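The file work.cif comes next; it holds mmCIF, C-alpha atoms (C1' of nucleotides).
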```
data_protein
loop_
_atom_site.label_atom_id
_atom_site.label_comp_id
_atom_site.auth_asym_id
_atom_site.auth_seq_id
_atom_site.Cartn_x
_atom_site.Cartn_y
_atom_site.Cartn_z
CA MET A 26 -7.17 -1.31 2.11
CA PHE A 27 -6.32 -4.43 3.96
CA PHE A 28 -4.87 -3.73 7.36
CA LEU A 29 -5.15 -6.78 9.54
CA LYS A 30 -1.90 -6.99 11.48
CA GLU A 31 -1.97 -10.66 12.46
CA LEU A 32 -3.07 -12.67 9.50
CA PRO A 33 -4.89 -15.87 10.27
CA THR A 34 -2.66 -18.92 10.32
CA GLU A 35 -3.24 -21.54 7.66
CA GLU A 36 -4.76 -23.63 10.43
CA MET A 37 -7.33 -20.91 11.12
CA VAL A 38 -8.10 -20.49 7.46
CA ARG A 39 -8.62 -24.23 7.23
CA ASN A 40 -11.10 -24.02 10.07
CA TYR A 41 -12.97 -21.12 8.55
CA THR A 42 -13.18 -22.78 5.17
CA ARG A 43 -13.69 -26.39 6.15
CA ASN A 44 -17.16 -26.46 4.74
CA TYR A 45 -16.37 -24.72 1.49
CA SER A 46 -13.59 -26.94 0.18
CA SER A 47 -11.17 -24.20 -0.79
CA ASP A 48 -7.40 -23.94 -0.65
CA PRO A 49 -6.05 -22.62 2.67
CA ALA A 50 -2.43 -22.32 1.53
CA ARG A 51 -3.45 -20.25 -1.44
CA ILE A 52 -5.73 -18.09 0.70
CA SER A 53 -2.93 -17.50 3.19
CA GLU A 54 -0.55 -16.52 0.46
CA THR A 55 -3.06 -14.09 -1.01
CA LEU A 56 -3.73 -12.53 2.39
CA HIS A 57 0.00 -11.98 2.91
CA MET A 58 0.28 -10.44 -0.52
CA MET A 59 -2.58 -8.06 0.23
CA ARG A 60 -1.16 -6.97 3.53
CA ARG A 61 2.25 -6.39 1.99
CA ALA A 62 0.73 -4.38 -0.85
CA SER A 63 -1.46 -2.31 1.48
CA LEU A 64 1.46 -1.31 3.67
CA LEU A 65 3.58 -0.47 0.66
CA ILE A 66 0.81 1.57 -0.94
CA ARG A 67 0.45 3.52 2.28
CA LYS A 68 4.21 4.17 2.35
CA LEU A 69 4.13 5.32 -1.25
CA GLU A 70 1.17 7.57 -0.60
CA ALA A 71 3.02 9.22 2.26
CA TYR A 72 6.03 9.68 0.01
CA PHE A 73 3.94 11.19 -2.78
CA ALA A 74 2.10 13.44 -0.34
CA SER A 75 5.43 14.89 0.77
CA HIS A 76 5.90 15.98 -2.86
CA ASN A 77 2.37 17.34 -3.25
CA LEU A 78 1.53 14.29 -5.35
CA SER A 79 -0.60 11.20 -4.98
CA GLN A 80 -0.48 7.77 -6.59
CA LEU A 81 -2.96 8.93 -9.17
CA ARG A 82 -1.24 12.24 -9.88
CA PHE A 83 2.02 10.37 -10.28
CA LEU A 84 0.53 7.81 -12.63
CA ILE A 85 -1.04 10.55 -14.73
CA LEU A 86 2.36 12.20 -15.09
CA ILE A 87 3.85 8.83 -16.00
CA VAL A 88 1.39 7.90 -18.72
CA ILE A 89 1.66 11.28 -20.41
CA ASP A 90 5.44 11.25 -20.14
CA ARG A 91 5.50 7.74 -21.54
CA GLU A 92 4.08 8.90 -24.86
CA PRO A 93 6.58 8.52 -27.71
CA ASP A 94 6.41 12.06 -29.12
CA GLU A 95 8.04 14.85 -27.20
CA HIS A 96 5.51 17.16 -25.60
CA SER A 97 2.63 15.08 -26.79
CA ALA A 98 -0.77 15.26 -25.17
CA LEU A 99 -3.32 12.70 -24.07
CA THR A 100 -7.03 13.24 -23.80
CA PRO A 101 -8.68 12.43 -20.48
CA GLN A 102 -10.22 9.45 -22.24
CA ASP A 103 -6.74 8.26 -23.29
CA ILE A 104 -5.70 8.45 -19.66
CA LEU A 105 -8.78 6.50 -18.60
CA ASP A 106 -7.80 3.82 -21.09
CA ARG A 107 -4.45 3.49 -19.33
CA LEU A 108 -5.51 3.80 -15.70
CA ASP A 109 -8.17 1.90 -13.79
CA VAL A 110 -9.81 4.94 -12.27
CA SER A 111 -13.30 6.39 -12.57
CA LYS A 112 -14.03 9.30 -14.87
CA PRO A 113 -15.10 11.77 -12.16
CA VAL A 114 -12.00 11.07 -10.11
CA LEU A 115 -9.83 11.69 -13.13
CA SER A 116 -11.73 14.86 -13.96
CA ARG A 117 -11.25 16.30 -10.52
CA THR A 118 -7.62 15.24 -10.29
CA LEU A 119 -6.79 16.85 -13.63
CA GLN A 120 -8.37 20.09 -12.41
CA THR A 121 -6.25 20.25 -9.29
CA MET A 122 -3.14 19.21 -11.19
CA GLU A 123 -3.70 22.07 -13.59
CA ARG A 124 -4.23 24.44 -10.66
CA ASP A 125 -0.87 23.21 -9.31
CA ALA A 126 0.78 23.77 -12.69
CA LEU A 127 1.76 20.14 -13.22
CA ILE A 128 -0.23 19.91 -16.44
CA ARG A 129 -1.78 22.23 -18.99
CA ILE A 130 -5.24 21.51 -20.38
CA THR A 131 -6.45 22.88 -23.70
CA ALA A 132 -9.49 22.38 -25.88
CA ASN A 133 -9.22 19.56 -28.38
CA LYS A 134 -9.28 20.78 -31.97
CA LYS A 135 -10.62 17.56 -33.42
CA ASP A 136 -13.39 16.88 -30.93
CA GLY A 137 -15.34 19.61 -29.19
CA ARG A 138 -16.24 17.33 -26.30
CA SER A 139 -12.66 16.51 -25.50
CA LYS A 140 -9.50 18.09 -24.06
CA SER A 141 -5.77 17.80 -24.49
CA VAL A 142 -3.58 17.28 -21.44
CA PHE A 143 0.09 18.29 -21.61
CA LEU A 144 2.85 18.05 -19.04
CA THR A 145 4.28 21.38 -17.99
CA ASP A 146 8.01 21.72 -17.43
CA GLN A 147 7.23 21.65 -13.74
CA GLY A 148 5.26 18.44 -14.19
CA ARG A 149 8.14 16.81 -16.00
CA ALA A 150 10.58 18.07 -13.39
CA LYS A 151 8.40 16.74 -10.59
CA LEU A 152 8.41 13.31 -12.19
CA THR A 153 12.19 13.33 -12.47
CA ALA A 154 12.56 14.47 -8.90
CA VAL A 155 10.28 11.80 -7.55
CA LEU A 156 11.28 8.69 -9.48
CA PRO A 157 14.55 7.67 -7.78
CA ASP A 158 13.11 7.43 -4.28
CA TYR A 159 9.96 5.88 -5.67
CA TYR A 160 11.95 2.99 -7.05
CA ALA A 161 14.01 2.89 -3.89
CA LEU A 162 10.83 2.38 -1.85
CA LEU A 163 9.74 -0.42 -4.16
CA VAL A 164 13.04 -2.22 -3.68
CA GLU A 165 13.55 -1.54 0.00
CA GLU A 166 10.22 -3.21 0.65
CA LEU A 167 9.78 -7.00 0.71
CA MET B 154 -4.43 2.47 -4.86
CA PHE B 155 -2.25 1.46 -7.72
CA PHE B 156 -4.16 1.34 -10.97
CA LEU B 157 -1.76 1.50 -13.86
CA LYS B 158 -3.07 -0.96 -16.45
CA GLU B 159 0.10 -1.50 -18.47
CA LEU B 160 2.97 -1.90 -16.12
CA PRO B 161 6.34 -0.79 -17.40
CA THR B 162 8.40 -3.58 -18.88
CA GLU B 163 11.58 -4.51 -17.10
CA GLU B 164 13.37 -2.80 -19.96
CA MET B 165 11.56 0.46 -19.20
CA VAL B 166 12.26 0.17 -15.51
CA ARG B 167 15.91 -0.37 -16.34
CA ASN B 168 15.87 2.83 -18.33
CA TYR B 169 14.18 4.82 -15.62
CA THR B 170 16.54 3.57 -12.97
CA ARG B 171 19.78 3.44 -14.89
CA ASN B 172 21.35 6.16 -12.79
CA TYR B 173 20.23 4.88 -9.42
CA SER B 174 21.65 1.36 -9.56
CA SER B 175 18.56 -0.46 -8.33
CA ASP B 176 17.05 -3.80 -9.22
CA PRO B 177 14.66 -3.72 -12.19
CA ALA B 178 13.47 -7.31 -11.85
CA ARG B 179 12.56 -6.78 -8.24
CA ILE B 180 10.84 -3.50 -9.04
CA SER B 181 8.83 -5.16 -11.79
CA GLU B 182 7.77 -7.94 -9.51
CA THR B 183 6.68 -5.48 -6.83
CA LEU B 184 4.70 -3.43 -9.35
CA HIS B 185 2.87 -6.55 -10.49
CA MET B 186 2.13 -7.48 -6.92
CA MET B 187 0.71 -4.04 -6.23
CA ARG B 188 -1.50 -4.07 -9.26
CA ARG B 189 -2.79 -7.52 -8.43
CA ALA B 190 -3.50 -6.48 -4.85
CA SER B 191 -5.21 -3.26 -5.87
CA LEU B 192 -7.58 -5.02 -8.24
CA LEU B 193 -8.35 -7.69 -5.68
CA ILE B 194 -8.96 -5.12 -2.95
CA ARG B 195 -11.37 -3.33 -5.24
CA LYS B 196 -13.20 -6.60 -5.95
CA LEU B 197 -13.43 -7.35 -2.26
CA GLU B 198 -14.68 -3.86 -1.50
CA ALA B 199 -17.45 -4.27 -4.07
CA TYR B 200 -18.33 -7.62 -2.53
CA PHE B 201 -18.41 -6.19 0.98
CA ALA B 202 -20.44 -3.19 -0.15
CA SER B 203 -23.09 -5.55 -1.51
CA HIS B 204 -23.43 -6.82 2.08
CA ASN B 205 -23.45 -3.38 3.66
CA LEU B 206 -19.91 -4.01 4.86
CA SER B 207 -16.46 -2.70 4.07
CA GLN B 208 -12.97 -4.15 4.46
CA LEU B 209 -12.66 -2.40 7.79
CA ARG B 210 -16.11 -3.38 9.05
CA PHE B 211 -15.36 -6.96 8.09
CA LEU B 212 -11.99 -6.95 9.83
CA ILE B 213 -13.53 -5.48 12.98
CA LEU B 214 -16.06 -8.30 13.03
CA ILE B 215 -13.25 -10.80 12.49
CA VAL B 216 -10.98 -9.62 15.28
CA ILE B 217 -13.80 -9.55 17.83
CA ASP B 218 -15.05 -12.93 16.69
CA ARG B 219 -11.53 -14.31 16.89
CA GLU B 220 -11.40 -13.75 20.64
CA PRO B 221 -11.21 -17.02 22.56
CA ASP B 222 -14.09 -16.43 24.97
CA GLU B 223 -17.62 -16.66 23.68
CA HIS B 224 -19.31 -13.25 23.53
CA SER B 225 -16.19 -11.49 24.63
CA ALA B 226 -15.62 -7.82 23.97
CA LEU B 227 -12.69 -5.78 22.77
CA THR B 228 -12.02 -2.16 23.55
CA PRO B 229 -11.49 0.20 20.61
CA GLN B 230 -7.87 0.31 21.68
CA ASP B 231 -7.66 -3.49 21.48
CA ILE B 232 -8.99 -3.25 17.95
CA LEU B 233 -6.44 -0.58 17.08
CA ASP B 234 -3.73 -2.92 18.34
CA ARG B 235 -4.90 -5.53 15.84
CA LEU B 236 -5.64 -3.34 12.81
CA ASP B 237 -3.47 -0.78 11.07
CA VAL B 238 -6.06 1.95 10.99
CA SER B 239 -6.21 5.41 12.51
CA LYS B 240 -8.13 6.08 15.69
CA PRO B 241 -10.67 8.51 14.21
CA VAL B 242 -11.50 6.13 11.38
CA LEU B 243 -12.09 3.35 13.86
CA SER B 244 -14.20 5.62 16.07
CA ARG B 245 -16.44 6.62 13.18
CA THR B 246 -16.69 3.10 11.84
CA LEU B 247 -17.70 1.70 15.21
CA GLN B 248 -20.43 4.32 15.44
CA THR B 249 -21.97 3.39 12.11
CA MET B 250 -21.60 -0.31 12.83
CA GLU B 251 -23.50 0.16 16.05
CA ARG B 252 -26.16 2.16 14.20
CA ASP B 253 -26.43 -0.81 11.80
CA ALA B 254 -26.72 -3.23 14.71
CA LEU B 255 -23.59 -5.20 13.85
CA ILE B 256 -22.01 -4.43 17.23
CA ARG B 257 -23.06 -3.24 20.63
CA ILE B 258 -20.97 -0.68 22.51
CA THR B 259 -21.10 -0.27 26.27
CA ALA B 260 -19.17 1.72 28.82
CA ASN B 261 -16.13 -0.05 30.20
CA LYS B 262 -16.45 -0.82 33.89
CA LYS B 263 -12.74 -0.88 34.58
CA ASP B 264 -11.76 2.28 32.72
CA GLY B 265 -14.01 5.29 32.40
CA ARG B 266 -12.26 6.47 29.27
CA SER B 267 -12.85 3.27 27.42
CA LYS B 268 -15.66 1.23 25.84
CA SER B 269 -16.48 -2.41 25.28
CA VAL B 270 -17.40 -3.57 21.82
CA PHE B 271 -19.47 -6.75 21.42
CA LEU B 272 -20.72 -8.54 18.34
CA THR B 273 -24.48 -8.68 18.07
CA ASP B 274 -26.12 -11.86 16.81
CA GLN B 275 -26.64 -10.00 13.56
CA GLY B 276 -22.96 -9.14 13.43
CA ARG B 277 -21.97 -12.74 13.95
CA ALA B 278 -24.53 -13.87 11.37
CA LYS B 279 -23.21 -11.33 8.88
CA LEU B 280 -19.71 -12.67 9.30
CA THR B 281 -20.87 -16.23 8.71
CA ALA B 282 -22.85 -15.18 5.66
CA VAL B 283 -19.95 -13.33 4.12
CA LEU B 284 -16.99 -15.61 4.73
CA PRO B 285 -17.49 -18.35 2.10
CA ASP B 286 -17.59 -16.00 -0.88
CA TYR B 287 -14.83 -13.91 0.65
CA TYR B 288 -12.51 -16.89 0.58
CA ALA B 289 -13.79 -17.83 -2.84
CA LEU B 290 -12.75 -14.41 -4.15
CA LEU B 291 -9.31 -14.80 -2.63
CA VAL B 292 -8.83 -18.13 -4.38
CA GLU B 293 -10.45 -17.31 -7.68
CA GLU B 294 -7.99 -14.45 -8.02
CA LEU B 295 -4.39 -14.97 -9.27
"C1'" DC C 25 -3.12 14.33 47.61
"C1'" DC C 26 -2.80 17.48 44.06
"C1'" DA C 27 -0.75 18.84 39.64
"C1'" DT C 28 1.09 17.23 35.49
"C1'" DT C 29 1.37 13.92 31.99
"C1'" DT C 30 -0.39 10.14 29.50
"C1'" DT C 31 -4.07 7.49 27.45
"C1'" DA C 32 -8.79 6.73 25.25
"C1'" DG C 33 -11.90 8.33 22.37
"C1'" DT C 34 -14.32 12.14 19.54
"C1'" DT C 35 -14.86 16.04 16.43
"C1'" DA C 36 -13.50 18.83 12.55
"C1'" DT C 37 -11.43 19.00 8.26
"C1'" DC C 38 -9.34 17.27 4.21
"C1'" DA C 39 -7.93 13.87 0.30
"C1'" DT C 40 -9.15 10.39 -2.71
"C1'" DG C 41 -11.95 6.64 -4.18
"C1'" DA C 42 -16.93 5.50 -6.04
"C1'" DT C 43 -21.80 6.04 -8.61
"C1'" DA C 44 -25.67 8.67 -10.46
"C1'" DA C 45 -27.26 12.27 -12.99
"C1'" DC C 46 -26.24 16.00 -15.86
"C1'" DT C 47 -24.47 18.96 -20.22
"C1'" DT C 48 -22.71 19.21 -24.61
"C1'" DA C 49 -20.86 17.44 -28.83
"C1'" DA C 50 -20.52 13.84 -32.24
"C1'" DT C 51 -22.49 9.94 -34.68
"C1'" DG C 52 -25.76 7.47 -37.25
"C1'" DA C 53 -30.33 5.61 -38.94
"C1'" DG C 54 -34.25 6.88 -41.40
"C1'" DC D 269 -31.27 16.75 -42.71
"C1'" DT D 270 -33.08 15.63 -38.28
"C1'" DC D 271 -33.87 13.14 -34.32
"C1'" DA D 272 -32.18 9.57 -31.30
"C1'" DT D 273 -28.25 7.54 -29.49
"C1'" DT D 274 -23.58 7.40 -28.02
"C1'" DA D 275 -19.43 9.44 -26.07
"C1'" DA D 276 -16.65 12.91 -23.27
"C1'" DG D 277 -16.46 15.50 -19.27
"C1'" DT D 278 -18.46 17.68 -15.09
"C1'" DT D 279 -21.12 18.19 -10.87
"C1'" DA D 280 -23.26 16.44 -6.74
"C1'" DT D 281 -23.11 13.26 -3.21
"C1'" DC D 282 -21.29 9.65 -0.49
"C1'" DA D 283 -17.74 6.29 1.72
"C1'" DT D 284 -13.45 5.61 3.70
"C1'" DG D 285 -8.77 6.83 4.54
"C1'" DA D 286 -5.70 10.54 7.05
"C1'" DT D 287 -4.03 14.34 10.69
"C1'" DA D 288 -4.77 17.97 14.11
"C1'" DA D 289 -7.00 19.54 17.92
"C1'" DC D 290 -10.10 18.59 21.44
"C1'" DT D 291 -12.37 16.40 26.12
"C1'" DA D 292 -12.21 13.51 29.86
"C1'" DA D 293 -10.33 9.95 32.69
"C1'" DA D 294 -6.39 7.54 34.63
"C1'" DA D 295 -1.72 7.27 36.08
"C1'" DT D 296 2.31 9.30 38.04
"C1'" DG D 297 5.43 11.74 40.94
"C1'" DG D 298 6.71 15.33 44.24
#
```
As structure tokens:
Amino acid sequence: MFFLKELPTEEMVRNYTRNYSSDPARISETLHMMRRASLLIRKLEAYFASHNLSQLRFLILIVIDREPDEHSALTPQDILDRLDVSKPVLSRTLQTMERDALIRITANKKDGRSKSVFLTDQGRAKLTAVLPDYYALLVEEL
Amino acid sequence: MFFLKELPTEEMVRNYTRNYSSDPARISETLHMMRRASLLIRKLEAYFASHNLSQLRFLILIVIDREPDEHSALTPQDILDRLDVSKPVLSRTLQTMERDALIRITANKKDGRSKSVFLTDQGRAKLTAVLPDYYALLVEEL
DNA sequence: CCATTTTAGTTATCATGATAACTTAATGAG
DNA sequence: CTCATTAAGTTATCATGATAACTAAAATGG
């Protein structure tokens, strides 16, 4: 995360970078973007935590729910293809989400190495419950 | 972190939010910003890790170095005032940074509860070594 | 001035990210 | 076919974020 409260002024960036011929205005803009994003991500994480979710849990619910067929499943590998997260993190997160009854995991008929991940009714309900305020937080910010 | 690879289209956001009368364009823009920031933060973390640093370690070096007086010190509380990070995380990070000889920590003469945190020459050198490519990463991105 | 409250920092514990090394199943080259 | 390689998940371990509960010193106020 990026949690510097007082970002350097463009002047300071110019000083720091004098010898490297870069673009202070662009650097400043990027620093502001990162600070804004970090604070928002923290707000969202707090919001998700209050619903026994996390960013990642939420995104997993989203990508499964997004599938065209009703009650369709994704494999963990499918989920990895859609989310930029490491395999072990996904593995662990799926285990705790199953424990919390947000998803159901079954063996995959076609491939003995793989699994199928389904949303439970609770998982779907959680997503519905959480979305309005999620979008509200995204808008309220700026 | 926010690591959804395919962000929802504005159309999809509109669908999700139909009943909550929010602003799909704004939501889309914020989602893109968050994804961009997350990827950049991850890149920066990898870069810092390759120098035995982290975002937080780097920012601690920065805020001490930024002080007007040469070789001046900040208290941990001063650092907390400048960074949005929790006290225990700072405490632990300062301990490992001292172990790695990036900073020196002494008792505070004026206040028995407090400490003084100084950059070591190594700490200052590390900062100098790391800054050019740090700014390069900020610019290269977009 | 002494007792209470506030402030500074630490410790313990947990969540969530990563990489490395592992198991097991599928694939594919000979 | 069979052996080597590739692919899918898991386990172990570590880093970095958080909160709660703690110790000790300073400030306050009666």
| message | To test your reading of the syntax: which residues would the PyMOL selection byres ((chain A) within 8 of (chain C)) return for the file shown? Reply as a list in words. | response |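 Applying the expression gives Ser111, Val114, Asp136, Gly137 and Arg138 of chain A.
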What are the residues of chain D that have an atom within 10 Å of an atom of chain A, counting only C-alpha atoms (C1' of nucleotides), as a ChimeraX atom specification?
/D:275-279,284-285
CA of Lys158 (chain B) sits from CA of Leu108 (chain A) at a separation of 5.4 Å
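If we count all atoms listed in the file, these residues of chain A sit within 7 Å of chain B: A:Met26, A:Phe27, A:Phe28, A:Leu29, A:Lys30, A:Glu31, A:Thr42, A:Tyr45, A:Arg51, A:Ile52, A:Thr55, A:Met58, A:Met59, A:Ala62, A:Ile66, A:Gln80, A:Leu84, A:Arg107, A:Leu108, A:Asp109, A:Val110, A:Pro157, A:Tyr160, A:Leu163, A:Val164.
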Take the residues just selected and output them with C-alpha atoms as a CSV table (one decimal), in the coordinates of the input.
```csv
chain,number,residue,atom,x,y,z
A,26,MET,CA,-7.2,-1.3,2.1
A,27,PHE,CA,-6.3,-4.4,4.0
A,28,PHE,CA,-4.9,-3.7,7.4
A,29,LEU,CA,-5.2,-6.8,9.5
A,30,LYS,CA,-1.9,-7.0,11.5
A,31,GLU,CA,-2.0,-10.7,12.5
A,42,THR,CA,-13.2,-22.8,5.2
A,45,TYR,CA,-16.4,-24.7,1.5
A,51,ARG,CA,-3.4,-20.2,-1.4
A,52,ILE,CA,-5.7,-18.1,0.7
A,55,THR,CA,-3.1,-14.1,-1.0
A,58,MET,CA,0.3,-10.4,-0.5
A,59,MET,CA,-2.6,-8.1,0.2
A,62,ALA,CA,0.7,-4.4,-0.8
A,66,ILE,CA,0.8,1.6,-0.9
A,80,GLN,CA,-0.5,7.8,-6.6
A,84,LEU,CA,0.5,7.8,-12.6
A,107,ARG,CA,-4.4,3.5,-19.3
A,108,LEU,CA,-5.5,3.8,-15.7
A,109,ASP,CA,-8.2,1.9,-13.8
A,110,VAL,CA,-9.8,4.9,-12.3
A,157,PRO,CA,14.6,7.7,-7.8
A,160,TYR,CA,12.0,3.0,-7.0
A,163,LEU,CA,9.7,-0.4,-4.2
A,164,VAL,CA,13.0,-2.2,-3.7
```
Moved coordinates, chain B onto chain A, all Cα atoms, as a short mmCIF file (atom, residue, chain, number, x, y, z; two decimals) with C-alpha atoms, keeping the file's coordinate frame:
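New file selection_13.cif:
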```
data_model
loop_
_atom_site.label_atom_id
_atom_site.label_comp_id
_atom_site.auth_asym_id
_atom_site.auth_seq_id
_atom_site.Cartn_x
_atom_site.Cartn_y
_atom_site.Cartn_z
CA MET B 154 -7.22 -1.32 2.14
CA PHE B 155 -6.34 -4.45 3.98
CA PHE B 156 -4.87 -3.72 7.37
CA LEU B 157 -5.13 -6.78 9.55
CA LYS B 158 -1.85 -6.98 11.47
CA GLU B 159 -1.92 -10.65 12.46
CA LEU B 160 -3.02 -12.66 9.52
CA PRO B 161 -4.84 -15.88 10.28
CA THR B 162 -2.61 -18.92 10.32
CA GLU B 163 -3.20 -21.52 7.67
CA GLU B 164 -4.69 -23.62 10.44
CA MET B 165 -7.27 -20.92 11.16
CA VAL B 166 -8.08 -20.50 7.50
CA ARG B 167 -8.58 -24.24 7.28
CA ASN B 168 -11.04 -24.02 10.12
CA TYR B 169 -12.94 -21.14 8.61
CA THR B 170 -13.17 -22.80 5.25
CA ARG B 171 -13.66 -26.40 6.25
CA ASN B 172 -17.15 -26.52 4.80
CA TYR B 173 -16.38 -24.78 1.54
CA SER B 174 -13.58 -27.00 0.26
CA SER B 175 -11.19 -24.23 -0.75
CA ASP B 176 -7.43 -23.94 -0.62
CA PRO B 177 -6.05 -22.64 2.69
CA ALA B 178 -2.45 -22.34 1.52
CA ARG B 179 -3.47 -20.26 -1.44
CA ILE B 180 -5.73 -18.11 0.71
CA SER B 181 -2.93 -17.52 3.18
CA GLU B 182 -0.56 -16.54 0.45
CA THR B 183 -3.07 -14.10 -1.01
CA LEU B 184 -3.73 -12.55 2.40
CA HIS B 185 -0.02 -11.99 2.90
CA MET B 186 0.26 -10.44 -0.52
CA MET B 187 -2.60 -8.07 0.23
CA ARG B 188 -1.16 -6.98 3.51
CA ARG B 189 2.24 -6.40 1.97
CA ALA B 190 0.69 -4.39 -0.85
CA SER B 191 -1.47 -2.33 1.47
CA LEU B 192 1.45 -1.32 3.65
CA LEU B 193 3.57 -0.49 0.63
CA ILE B 194 0.78 1.55 -0.96
CA ARG B 195 0.45 3.50 2.26
CA LYS B 196 4.20 4.16 2.31
CA LEU B 197 4.12 5.32 -1.28
CA GLU B 198 1.15 7.56 -0.61
CA ALA B 199 3.01 9.22 2.26
CA TYR B 200 6.02 9.67 -0.01
CA PHE B 201 3.93 11.18 -2.79
CA ALA B 202 2.09 13.44 -0.35
CA SER B 203 5.43 14.87 0.77
CA HIS B 204 5.88 15.97 -2.87
CA ASN B 205 2.37 17.33 -3.25
CA LEU B 206 1.52 14.29 -5.35
CA SER B 207 -0.62 11.20 -5.00
CA GLN B 208 -0.51 7.75 -6.59
CA LEU B 209 -2.98 8.93 -9.19
CA ARG B 210 -1.25 12.24 -9.88
CA PHE B 211 2.01 10.37 -10.28
CA LEU B 212 0.51 7.81 -12.64
CA ILE B 213 -1.06 10.56 -14.75
CA LEU B 214 2.34 12.20 -15.10
CA ILE B 215 3.84 8.83 -16.01
CA VAL B 216 1.38 7.90 -18.73
CA ILE B 217 1.65 11.29 -20.43
CA ASP B 218 5.42 11.25 -20.14
CA ARG B 219 5.50 7.74 -21.55
CA GLU B 220 4.08 8.91 -24.87
CA PRO B 221 6.58 8.52 -27.70
CA ASP B 222 6.42 12.05 -29.09
CA GLU B 223 8.07 14.84 -27.18
CA HIS B 224 5.53 17.19 -25.60
CA SER B 225 2.65 15.10 -26.77
CA ALA B 226 -0.75 15.28 -25.15
CA LEU B 227 -3.30 12.73 -24.07
CA THR B 228 -7.02 13.25 -23.82
CA PRO B 229 -8.68 12.44 -20.49
CA GLN B 230 -10.21 9.47 -22.26
CA ASP B 231 -6.74 8.28 -23.30
CA ILE B 232 -5.72 8.47 -19.67
CA LEU B 233 -8.80 6.52 -18.61
CA ASP B 234 -7.82 3.84 -21.11
CA ARG B 235 -4.47 3.50 -19.35
CA LEU B 236 -5.54 3.79 -15.70
CA ASP B 237 -8.20 1.90 -13.79
CA VAL B 238 -9.85 4.93 -12.29
CA SER B 239 -13.32 6.39 -12.58
CA LYS B 240 -14.04 9.30 -14.88
CA PRO B 241 -15.11 11.78 -12.18
CA VAL B 242 -12.01 11.08 -10.12
CA LEU B 243 -9.83 11.70 -13.14
CA SER B 244 -11.74 14.88 -14.00
CA ARG B 245 -11.26 16.30 -10.52
CA THR B 246 -7.65 15.24 -10.32
CA LEU B 247 -6.81 16.86 -13.64
CA GLN B 248 -8.38 20.09 -12.42
CA THR B 249 -6.26 20.25 -9.29
CA MET B 250 -3.15 19.21 -11.18
CA GLU B 251 -3.70 22.06 -13.58
CA ARG B 252 -4.25 24.43 -10.65
CA ASP B 253 -0.89 23.21 -9.30
CA ALA B 254 0.76 23.77 -12.67
CA LEU B 255 1.75 20.14 -13.20
CA ILE B 256 -0.25 19.92 -16.43
CA ARG B 257 -1.78 22.22 -18.97
CA ILE B 258 -5.24 21.52 -20.38
CA THR B 259 -6.43 22.90 -23.69
CA ALA B 260 -9.47 22.40 -25.87
CA ASN B 261 -9.15 19.59 -28.38
CA LYS B 262 -9.18 20.83 -31.95
CA LYS B 263 -10.49 17.62 -33.44
CA ASP B 264 -13.28 16.93 -30.96
CA GLY B 265 -15.24 19.65 -29.23
CA ARG B 266 -16.17 17.37 -26.36
CA SER B 267 -12.62 16.55 -25.52
CA LYS B 268 -9.48 18.14 -24.06
CA SER B 269 -5.74 17.82 -24.49
CA VAL B 270 -3.58 17.31 -21.44
CA PHE B 271 0.10 18.30 -21.60
CA LEU B 272 2.85 18.06 -19.03
CA THR B 273 4.26 21.39 -17.97
CA ASP B 274 8.00 21.72 -17.43
CA GLN B 275 7.21 21.66 -13.73
CA GLY B 276 5.26 18.45 -14.17
CA ARG B 277 8.12 16.81 -15.99
CA ALA B 278 10.58 18.09 -13.39
CA LYS B 279 8.39 16.74 -10.60
CA LEU B 280 8.39 13.32 -12.19
CA THR B 281 12.17 13.32 -12.49
CA ALA B 282 12.55 14.47 -8.90
CA VAL B 283 10.26 11.79 -7.56
CA LEU B 284 11.25 8.69 -9.49
CA PRO B 285 14.53 7.66 -7.80
CA ASP B 286 13.09 7.42 -4.30
CA TYR B 287 9.93 5.87 -5.69
CA TYR B 288 11.92 2.98 -7.07
CA ALA B 289 13.99 2.87 -3.92
CA LEU B 290 10.81 2.36 -1.88
CA LEU B 291 9.70 -0.43 -4.18
CA VAL B 292 13.01 -2.23 -3.71
CA GLU B 293 13.54 -1.56 -0.04
CA GLU B 294 10.19 -3.21 0.61
CA LEU B 295 9.79 -7.03 0.79
#
```
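One distance worth recording is that between CA of Tyr159 (chain A) and CA of Tyr72 (chain A), which is 7.9 Å.
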Practice task
For the structure provided, state which residues fall under the PyMOL selection byres ((chain B and resi 249-257) around 7), and present them as a PyMOL selection string.
Solution key: chain B and resi 245-248+258-259+270-273+275-276
Do you have the CA of Asp94 (chain A)-CA of Arg82 (chain A) distance handy?
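Rounded to one decimal, the two atoms are 20.7 Å apart.
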Please fill the gaps in region 234-238 of chain B so it has N, CA and C atoms, and write that as a short mmCIF file (atom, residue, chain, number, x, y, z; two decimals), keeping the file's coordinate frame.
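Printed below is part-v3.cif as written:
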```cif
data_model
loop_
_atom_site.label_atom_id
_atom_site.label_comp_id
_atom_site.auth_asym_id
_atom_site.auth_seq_id
_atom_site.Cartn_x
_atom_site.Cartn_y
_atom_site.Cartn_z
N ASP B 234 -4.96 -2.13 18.23
CA ASP B 234 -3.73 -2.92 18.34
C ASP B 234 -3.67 -4.01 17.29
N ARG B 235 -4.85 -4.42 16.78
CA ARG B 235 -4.90 -5.53 15.84
C ARG B 235 -5.03 -5.08 14.39
N LEU B 236 -5.45 -3.85 14.18
CA LEU B 236 -5.64 -3.34 12.81
C LEU B 236 -4.81 -2.09 12.59
N ASP B 237 -4.26 -1.96 11.42
CA ASP B 237 -3.47 -0.78 11.07
C ASP B 237 -4.38 0.31 10.55
N VAL B 238 -5.14 0.92 11.42
CA VAL B 238 -6.06 1.95 10.99
C VAL B 238 -6.02 3.08 12.01
#
```
